[in-house]
Amino acid sequence: MRIATWNVNSMRARADRVEAWLEKSDVDVLAIQETKCKDDNFPWEVFEHNGYDVAHFGFSQWNGVAIASRVGMSDVERTFQNQPPFGKGGKDPVQEARAIGATCDGVRIWSLYVPNGRTREDEHMVYKLAWLRQLREHAQSWLADDPQAQIVLAGDWNIAPQDEDVWDNEFFEKNQMTHVTEPERSAFREFLEAGYTDMVRPHAEGPGVYTYWDYTSLRFQKRQGMRIDFLLGSPAVAQRVENAFIDKDERRGKGASDHAPVVVDLA
DNA sequence: ATGGTGGCTCTGCCA
């Protein structure tokens with residue numbers, strides 16, 4: 001069973017790219033982030049033409065997550081329980097379209113778009129950490145309920161867990177940038193401590209191994225990336241991993257997303 | 001050359 005996660009940065013702008021990748025990648029389940037659309041203008045046919053069921057969750061041009069599967073899909077869930085809401089500057093807080101879950105061939109898969117944080121002092125950073133804490137508490141309880149549960153937490157985590165996961169950690173510190181701070185890294189580590197495993201790292205060791213390259217400053221051309229997209233597996237899934245890789249070729253050329261797909265093969 | 005991109009959209013905001 002091949003599972004992948006991909007922040008496509010607009011499903012409409014990327015429809016042709018995603019369709020071509022579905023045709024060549026042999027992926028069974030694809031977790032998608034940043035669809036940047038609502039159901040009304042989601043390109044359903046991209047998936048239907050290729051034999052995939054797809055569930056989408058999006059309200060607007062912001063965020064948006066989806067799961068596509070050609071091995072069946074049941075128990076679709078939009079937002080996780082008690083997912084913290086966000087409302088900038090006193091606006092009514094709302095639960096954003098950042099999490100969708102589905103069971104595909106016995107594996108509970110979540111497509112997650114973790115809040116960015118924006119700056120170290122921004123209220124969005126407080127939101128990011130609360131969001132992660134709430135998700136982690138649930139992820140922990142799912143395993144407490146059933147230690148044999150097959151769970152994959154896949155998505156854009158907007159965290160670089162180690163210094164080697166960014167092209168120059170000193171640059172990030174000097175410029176007070178997000179994704180590398182101790183509270184963010186600690187929030188990520190708590191998922192590992194709860195029993196989840198980064199299923200890709202053993203098959204794609206750093207340094208210099210990334211999943212995202214900023215459009216600005218032509219970071220891809222300069223080989224200056226970040227590893228921020230992860231598939232974390234519960235013990236029952238992690239023991240099934242046969243191979244994993246980052247499809248960096250997909251970041252090349254005109255019309256690429258700023259993220260590459262990340263792929264895991266399970267026995 | 002002290003900037004560089006891209007995708008939405010109430011051409012500003014978000015990443």
# chains A, B, ... in the order shown; residues from 1 in each chain; ligands from 1

$ interface_residues --of "chain A" --to "chain B" --cutoff "12 Å" --atoms "only C-alpha atoms (C1' of nucleotides)" --output "number ranges by chain"
A: 7-14, 34-37, 60-63, 115-119, 158, 212-221, 254-259

$ select_by_dssp --residues "stretch 42-265 of chain A" --states "alpha helix (DSSP H)" --output "PyMOL selection string"
chain A and resi 44-48+123-145+169-174+182-193+235-238

$ residues_around --residues "A:Glu170" --least-positions-apart "6" --cutoff "12 Å" --atoms "only C-alpha atoms (C1' of nucleotides)" --output "number ranges by chain"
A: 163-164, 176-177, 180-181

$ residues_around --residues "stretch 38-44 of chain A" --least-positions-apart "5" --cutoff "12 Å" --atoms "only C-alpha atoms (C1' of nucleotides)" --output "number ranges by chain"
A: 10-16, 18-19, 49-68, 97

$ select_by_dssp --residues "stretch 6-192 of chain A" --states "strand (DSSP E)" --output "ChimeraX atom specification"
/A:6-7,29-33,53-57,65-69,74-78,99-104,107-113,151-156

$ atom_distance --atom1 "atom CA of A:Tyr127" --atom2 "atom CA of A:Ala4"
26.4 Å

$ closest_residue --among "A:Arg201, A:Arg133, A:Arg189, A:Lys91" --to "A:Asn243" --atoms "only C-alpha atoms"
A:Arg201

$ residues_around --residues "A:Gly206" --least-positions-apart "4" --cutoff "10 Å" --atoms "only C-alpha atoms (C1' of nucleotides)" --output "JSON, numbers by chain"
{"A": [164, 165, 166, 201, 202, 210, 227]}
